[in-house]
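**Student:** The structure under discussion is supplied below as structure tokens; questions concerning it will follow.
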Amino acid sequence: MSLVRLDVVGLRNLAPISVEPHPRLNLLVGANASGKTSLLEAVYLLARARSFRTSQIGQLIRFGASELTVAGRVAADADAGGGSMPIGIRIGRRERELQIGGRPAQSSAELLQVLPLLVIQPAGIALIDGAPKLRRQFLDFGVFHRQPGYLDVCRRYAKALHQRNALLRAGQAAALKPWDRELARYGIMMHEARGDYLERLTPFFNEIGGRFFSGSHFALRMQPGWDLSLPLAMALENDVATDLRHGHTQSGPHKGDFSVLLDQRPVRAYVSRGQMKLLVYALLLAQSRLMEERIGTAGCVLIDDVASELDENNKNILLELLRGRPTQFFITATSREAIADRLPTESAVFEMAQGRLSQA
Ligand SMILES: Nc1ncnc2c1ncn2[C@@H]1O[C@H](COP(=O)(O)OP(=O)(O)OP(=O)(O)O)[C@@H](O)[C@H]1O
Ligand SMILES: [Mg+2]
């Protein structure tokens, strides 16, 4: 699945853009504030109906405009000469509208499956050193792309958690039982799916991580969110008194996490910033490899500011990793020199200047 056509109107500083991206690697070059990240944001918006920069989607609307639209066509396979499907999103000041295949779509989950997409950005080291929530989202997103039914499991768990927490705050211990059962049921499913996903991710992560950190040994360690020596149902029961005091549920996959170990030490505490960035690349590229395995092609991977914080050697290794993959990449850089001479032949270079895009 790749984006074979992209039309953007009214997004941040971008002039109206119509472009046919390359099915493999697209390099976007431009000065600071030229609009590179904004263009990635447009692609992201099309695939996820959200922004990776802000939770206030209205900020994406160009100053003075009343709405923005991003439309695109997705080809089932990067090499398929044939059909493609139109998708689109319109964001107004108060409303939004999604379209898939010419029909209105109800939820962004539908979009997610049409154009699977990952993003790697400078702030992305939070995946290693930020809040556990980000790592849970990483796992859940990965699982969802293998088993779309997982979304429903997560929603049912979240609903039960919400109800249980409300009862805890109201001090209604007697009413907890049915929600405990729901939590235990869906919680175990989430835990197992995440564990299975992490296991499948590990060989790809080791392979890619091993390119950046030769001679080191990696492990991904899952933290389930409760003491695994107890079944979740029992942990919930044992926690009731303290949960009532705190007003929320302490045990379950909503408290889960995973950590990356490098030579048996948690990387968060020891590695340099540049190394964290490499590990984030390794995690996300491993995720895209797993998607390739599942659906034949991983859709899109966006890499903002690809050259920042990487030394020459690691930059070369990274570009080497992008070469020959069936995934469609959109990468940005402030100067051509930083990478253009090492690009694979299957690529296109675009220049961005003051919100205007041209093919170099
Ligand atoms: N809603 C908006 N309407 C118009 N312009 C905006 C809006 N939001 C942001 N901008 C401007 O868009 C410009 C482009 O920002 P963008 O982050 O895309 O640049 P960039 O090319 O990624 O730069 P850098 O190399 O510094 O990362 C900025 O000057 C910003 O002030
Ligand atoms: Mg930028």
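Residue names in the structure tokens use chain letters A, B, ... in the order shown, residue numbers from 1 in each chain, and ligand numbers from 1 in the order shown.
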I'd like the contact shell of region 175-192 of chain A - 6 Å cut-off, only C-alpha atoms, skipping same-chain residues fewer than 5 positions apart - returned as an mmCIF file with N, CA and C atoms, in the first residue's frame.
**Tutor:**
```cif
data_model
loop_
_atom_site.group_PDB
_atom_site.id
_atom_site.type_symbol
_atom_site.label_atom_id
_atom_site.label_comp_id
_atom_site.auth_asym_id
_atom_site.auth_seq_id
_atom_site.Cartn_x
_atom_site.Cartn_y
_atom_site.Cartn_z
ATOM 1 N N VAL A 153 -11.094 -5.309 21.688
ATOM 2 C CA VAL A 153 -10.643 -5.797 22.999
ATOM 3 C C VAL A 153 -10.191 -4.610 23.851
ATOM 4 N N TYR A 157 -11.873 -3.232 27.337
ATOM 5 C CA TYR A 157 -11.068 -3.116 28.547
ATOM 6 C C TYR A 157 -11.174 -1.689 29.088
ATOM 7 N N ALA A 160 -14.483 -1.046 30.796
ATOM 8 C CA ALA A 160 -14.578 -1.686 32.114
ATOM 9 C C ALA A 160 -13.723 -0.932 33.138
ATOM 10 N N ARG A 164 -15.053 0.706 36.533
ATOM 11 C CA ARG A 164 -14.510 0.268 37.827
ATOM 12 C C ARG A 164 -13.953 1.472 38.592
ATOM 13 N N LEU A 232 -4.827 -12.168 36.897
ATOM 14 C CA LEU A 232 -5.266 -10.770 36.989
ATOM 15 C C LEU A 232 -6.508 -10.625 37.876
ATOM 16 N N ALA A 233 -7.439 -11.597 37.750
ATOM 17 C CA ALA A 233 -8.674 -11.511 38.544
ATOM 18 C C ALA A 233 -8.343 -11.463 40.036
ATOM 19 N N PRO A 253 -3.184 -4.287 32.358
ATOM 20 C CA PRO A 253 -2.333 -3.871 31.245
ATOM 21 C C PRO A 253 -2.326 -2.360 30.994
#
```
**Student:** Extract, using only C-alpha atoms, all DNA, RNA and protein residues at most 10 Å from Ala105 (chain A), discarding same-chain residues fewer than 5 positions from it, and format them as a ChimeraX atom specification.
**Tutor:** /A:87-89,97-100,110-111
**Student:** Near region 61-74 of chain A, within 7 Å and counting only C-alpha atoms, which residues show up once chain neighbours fewer than 2 positions away are dropped, as a VMD selection string?
**Tutor:** chain A and resid 1 to 13 42 46 58 to 59 76 84 to 93
**Student:** Would you mind exporting the chosen residues as a short mmCIF file (atom, residue, chain, number, x, y, z; two decimals), in the first residue's frame, restricted to C-alpha atoms?
**Tutor:**
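Saved file selection09.cif follows:
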```
data_model
loop_
_atom_site.label_atom_id
_atom_site.label_comp_id
_atom_site.auth_asym_id
_atom_site.auth_seq_id
_atom_site.Cartn_x
_atom_site.Cartn_y
_atom_site.Cartn_z
CA MET A 1 0.00 0.00 0.00
CA SER A 2 1.49 3.27 -1.00
CA LEU A 3 0.33 6.78 -1.56
CA VAL A 4 0.39 7.40 -5.30
CA ARG A 5 -1.21 10.82 -5.20
CA LEU A 6 -1.44 13.58 -2.61
CA ASP A 7 -3.41 16.85 -2.74
CA VAL A 8 -3.21 19.32 0.11
CA VAL A 9 -5.10 22.59 0.48
CA GLY A 10 -5.06 24.96 3.43
CA LEU A 11 -2.65 23.15 5.74
CA ARG A 12 -0.25 25.31 7.81
CA ASN A 13 2.10 27.31 5.56
CA ALA A 42 -0.56 16.17 5.81
CA LEU A 46 -4.67 11.42 5.78
CA GLY A 58 -7.56 23.19 14.26
CA GLN A 59 -3.98 24.47 14.49
CA ALA A 76 -2.92 -1.68 -3.04
CA SER A 84 -6.01 2.80 -6.46
CA MET A 85 -8.48 3.97 -3.85
CA PRO A 86 -9.28 7.59 -3.08
CA ILE A 87 -9.20 8.68 0.55
CA GLY A 88 -9.64 12.13 1.99
CA ILE A 89 -10.11 14.24 5.06
CA ARG A 90 -11.57 17.68 5.52
CA ILE A 91 -11.08 19.57 8.77
CA GLY A 92 -13.29 22.57 9.42
CA ARG A 93 -13.27 24.83 12.48
#
```
**Student:** Give me the residues within 7 Å of His248 (chain A) as a list in words, counting only C-alpha atoms and dropping any in the same chain fewer than 5 places off.
**Tutor:**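 After dropping sequence-adjacent residues, the list is Asn165, Leu168 and Asp243 of chain A.
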**Student:** Mind listing the residues within 9 Å of ligand 2, only C-alpha atoms and all ligand atoms counted, as a VMD selection string?
**Tutor:** chain A and resid 32 to 38 40 121 to 122 304 to 305 332 to 334
**Student:** Using C-alpha atoms, can you export the residues from the last selection as a PDB file, in the first residue's frame?
**Tutor:**
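Final output, part_15.pdb:
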```
ATOM      1  CA  ASN A  32      13.958  25.614   8.325  1.00  0.00           C
ATOM      2  CA  ALA A  33      10.297  26.662   8.358  1.00  0.00           C
ATOM      3  CA  SER A  34       9.869  25.882   4.642  1.00  0.00           C
ATOM      4  CA  GLY A  35       7.052  23.410   5.401  1.00  0.00           C
ATOM      5  CA  LYS A  36       8.686  19.964   5.405  1.00  0.00           C
ATOM      6  CA  THR A  37       7.180  18.773   8.671  1.00  0.00           C
ATOM      7  CA  SER A  38       3.853  20.274   7.579  1.00  0.00           C
ATOM      8  CA  LEU A  40       4.550  14.980   6.642  1.00  0.00           C
ATOM      9  CA  GLN A 121      10.473  12.358  14.499  1.00  0.00           C
ATOM     10  CA  PRO A 122      13.072  14.239  16.533  1.00  0.00           C
ATOM     11  CA  ASP A 304      11.280  13.839  10.025  1.00  0.00           C
ATOM     12  CA  ASP A 305      14.717  15.418  10.083  1.00  0.00           C
ATOM     13  CA  THR A 332      12.999  15.207   5.353  1.00  0.00           C
ATOM     14  CA  ALA A 333      16.336  16.990   5.647  1.00  0.00           C
ATOM     15  CA  THR A 334      17.490  20.597   5.648  1.00  0.00           C
TER      16      THR A 334
END
```
